[in-house]
Amino acid sequence: GLFDLVVASGEPDGPDRLKPDPAGYLLAARRLGVEPAECLVLGDREDADGAAARAAGMPFRLVD
């Protein structure tokens, strides 16, 4: 109930590839009906989260 949408690998209709592939981020944007550039990815790994965000055309902020 806290989120409008959850996209997870291994779930039905989820992405079939893991980060740094951008498929999951792009799927989330598409399901929410927003452009990738309108999204903000928060992540703790530059090599996975950041790389996937950049490949999807989404801004990224690294959190520790």
# chains A, B, ... in the order shown; residues from 1 in each chain; ligands from 1

call {"tool": "residues_around", "arguments": {"residues": "segment 18-27 of chain A", "least_positions_apart": "2", "cutoff": "6 Å", "atoms": "only C-alpha atoms", "output": "JSON, numbers by chain"}}
result
{"A": [15, 29, 30, 48, 51, 52, 55, 56]}

call {"tool": "closest_residue", "arguments": {"among": "A:Gly10, A:Ala28, A:Val63, A:Gly57", "to": "Gly43 of chain A", "atoms": "only C-alpha atoms"}}
result
A:Val63

call {"tool": "select_by_dssp", "arguments": {"residues": "chain A", "states": "helix (DSSP H, G or I)", "output": "list in words"}}
result
Ala23, Gly24, Tyr25, Leu26, Leu27, Ala28, Ala29, Arg30, Arg31, Leu32, Pro36, Ala37, Glu38, Glu46, Asp47, Ala48, Asp49, Gly50, Ala51, Ala52, Ala53, Arg54, Ala55 and Ala56 of chain A

call {"tool": "write_last_selection", "arguments": {"atoms": "N, CA, C and O atoms", "output": "mmCIF file, in the first residue's frame"}}
result
data_model
loop_
_atom_site.group_PDB
_atom_site.id
_atom_site.type_symbol
_atom_site.label_atom_id
_atom_site.label_comp_id
_atom_site.auth_asym_id
_atom_site.auth_seq_id
_atom_site.Cartn_x
_atom_site.Cartn_y
_atom_site.Cartn_z
ATOM 1 N N ALA A 23 16.034 -2.722 -18.314
ATOM 2 C CA ALA A 23 14.681 -3.231 -18.580
ATOM 3 C C ALA A 23 13.707 -2.989 -17.432
ATOM 4 O O ALA A 23 12.557 -2.600 -17.656
ATOM 5 N N GLY A 24 14.123 -3.214 -16.204
ATOM 6 C CA GLY A 24 13.228 -3.030 -15.064
ATOM 7 C C GLY A 24 12.818 -1.587 -14.878
ATOM 8 O O GLY A 24 11.641 -1.286 -14.613
ATOM 9 N N TYR A 25 13.754 -0.672 -15.014
ATOM 10 C CA TYR A 25 13.446 0.754 -14.870
ATOM 11 C C TYR A 25 12.524 1.222 -15.992
ATOM 12 O O TYR A 25 11.579 1.974 -15.751
ATOM 13 N N LEU A 26 12.791 0.769 -17.200
ATOM 14 C CA LEU A 26 11.950 1.172 -18.332
ATOM 15 C C LEU A 26 10.539 0.586 -18.204
ATOM 16 O O LEU A 26 9.550 1.248 -18.539
ATOM 17 N N LEU A 27 10.441 -0.627 -17.714
ATOM 18 C CA LEU A 27 9.143 -1.253 -17.499
ATOM 19 C C LEU A 27 8.345 -0.470 -16.453
ATOM 20 O O LEU A 27 7.154 -0.219 -16.622
ATOM 21 N N ALA A 28 8.993 -0.064 -15.374
ATOM 22 C CA ALA A 28 8.316 0.709 -14.332
ATOM 23 C C ALA A 28 7.796 2.030 -14.890
ATOM 24 O O ALA A 28 6.648 2.412 -14.643
ATOM 25 N N ALA A 29 8.619 2.737 -15.653
ATOM 26 C CA ALA A 29 8.187 4.015 -16.236
ATOM 27 C C ALA A 29 6.999 3.803 -17.163
ATOM 28 O O ALA A 29 6.013 4.554 -17.103
ATOM 29 N N ARG A 30 7.082 2.783 -17.994
ATOM 30 C CA ARG A 30 5.998 2.501 -18.945
ATOM 31 C C ARG A 30 4.695 2.191 -18.195
ATOM 32 O O ARG A 30 3.633 2.715 -18.532
ATOM 33 N N ARG A 31 4.773 1.366 -17.160
ATOM 34 C CA ARG A 31 3.566 1.003 -16.401
ATOM 35 C C ARG A 31 2.983 2.195 -15.634
ATOM 36 O O ARG A 31 1.784 2.254 -15.407
ATOM 37 N N LEU A 32 3.839 3.118 -15.234
ATOM 38 C CA LEU A 32 3.365 4.311 -14.536
ATOM 39 C C LEU A 32 2.883 5.388 -15.503
ATOM 40 O O LEU A 32 2.280 6.372 -15.086
ATOM 41 N N PRO A 36 10.896 8.236 -19.109
ATOM 42 C CA PRO A 36 12.062 7.904 -18.291
ATOM 43 C C PRO A 36 12.761 9.133 -17.695
ATOM 44 O O PRO A 36 13.178 9.099 -16.535
ATOM 45 N N ALA A 37 12.848 10.208 -18.450
ATOM 46 C CA ALA A 37 13.533 11.412 -17.954
ATOM 47 C C ALA A 37 12.802 12.044 -16.774
ATOM 48 O O ALA A 37 13.386 12.839 -16.036
ATOM 49 N N GLU A 38 11.533 11.689 -16.561
ATOM 50 C CA GLU A 38 10.755 12.221 -15.449
ATOM 51 C C GLU A 38 10.962 11.418 -14.161
ATOM 52 O O GLU A 38 10.438 11.791 -13.105
ATOM 53 N N GLU A 46 26.706 2.361 -7.894
ATOM 54 C CA GLU A 46 26.947 3.082 -9.142
ATOM 55 C C GLU A 46 27.035 2.121 -10.325
ATOM 56 O O GLU A 46 26.524 2.409 -11.411
ATOM 57 N N ASP A 47 27.648 0.944 -10.101
ATOM 58 C CA ASP A 47 27.877 -0.002 -11.197
ATOM 59 C C ASP A 47 26.611 -0.722 -11.651
ATOM 60 O O ASP A 47 26.537 -1.165 -12.798
ATOM 61 N N ALA A 48 25.624 -0.833 -10.806
ATOM 62 C CA ALA A 48 24.379 -1.508 -11.186
ATOM 63 C C ALA A 48 23.242 -0.498 -11.328
ATOM 64 O O ALA A 48 22.708 -0.311 -12.415
ATOM 65 N N ASP A 49 22.892 0.154 -10.231
ATOM 66 C CA ASP A 49 21.775 1.109 -10.245
ATOM 67 C C ASP A 49 22.065 2.302 -11.149
ATOM 68 O O ASP A 49 21.229 2.693 -11.968
ATOM 69 N N GLY A 50 23.230 2.893 -10.991
ATOM 70 C CA GLY A 50 23.587 4.069 -11.788
ATOM 71 C C GLY A 50 23.713 3.751 -13.266
ATOM 72 O O GLY A 50 23.219 4.501 -14.120
ATOM 73 N N ALA A 51 24.347 2.642 -13.581
ATOM 74 C CA ALA A 51 24.517 2.259 -14.984
ATOM 75 C C ALA A 51 23.165 1.971 -15.634
ATOM 76 O O ALA A 51 22.911 2.368 -16.773
ATOM 77 N N ALA A 52 22.271 1.302 -14.913
ATOM 78 C CA ALA A 52 20.942 1.012 -15.450
ATOM 79 C C ALA A 52 20.143 2.296 -15.643
ATOM 80 O O ALA A 52 19.450 2.457 -16.650
ATOM 81 N N ALA A 53 20.233 3.204 -14.688
ATOM 82 C CA ALA A 53 19.521 4.478 -14.798
ATOM 83 C C ALA A 53 19.995 5.265 -16.020
ATOM 84 O O ALA A 53 19.186 5.761 -16.807
ATOM 85 N N ARG A 54 21.291 5.376 -16.184
ATOM 86 C CA ARG A 54 21.839 6.107 -17.344
ATOM 87 C C ARG A 54 21.417 5.456 -18.657
ATOM 88 O O ARG A 54 21.035 6.148 -19.601
ATOM 89 N N ALA A 55 21.448 4.132 -18.705
ATOM 90 C CA ALA A 55 21.042 3.429 -19.926
ATOM 91 C C ALA A 55 19.556 3.640 -20.218
ATOM 92 O O ALA A 55 19.145 3.624 -21.379
ATOM 93 N N ALA A 56 18.757 3.865 -19.176
ATOM 94 C CA ALA A 56 17.322 4.098 -19.347
ATOM 95 C C ALA A 56 17.003 5.564 -19.617
ATOM 96 O O ALA A 56 15.861 5.905 -19.888
#

call {"tool": "atom_distance", "arguments": {"atom1": "atom CA of Glu35 of chain A", "atom2": "atom CA of Glu11 of chain A"}}
result
23.1 Å

call {"tool": "atom_distance", "arguments": {"atom1": "atom CA of Ala8 of chain A", "atom2": "atom CA of Cys39 of chain A"}}
result
16.9 Å
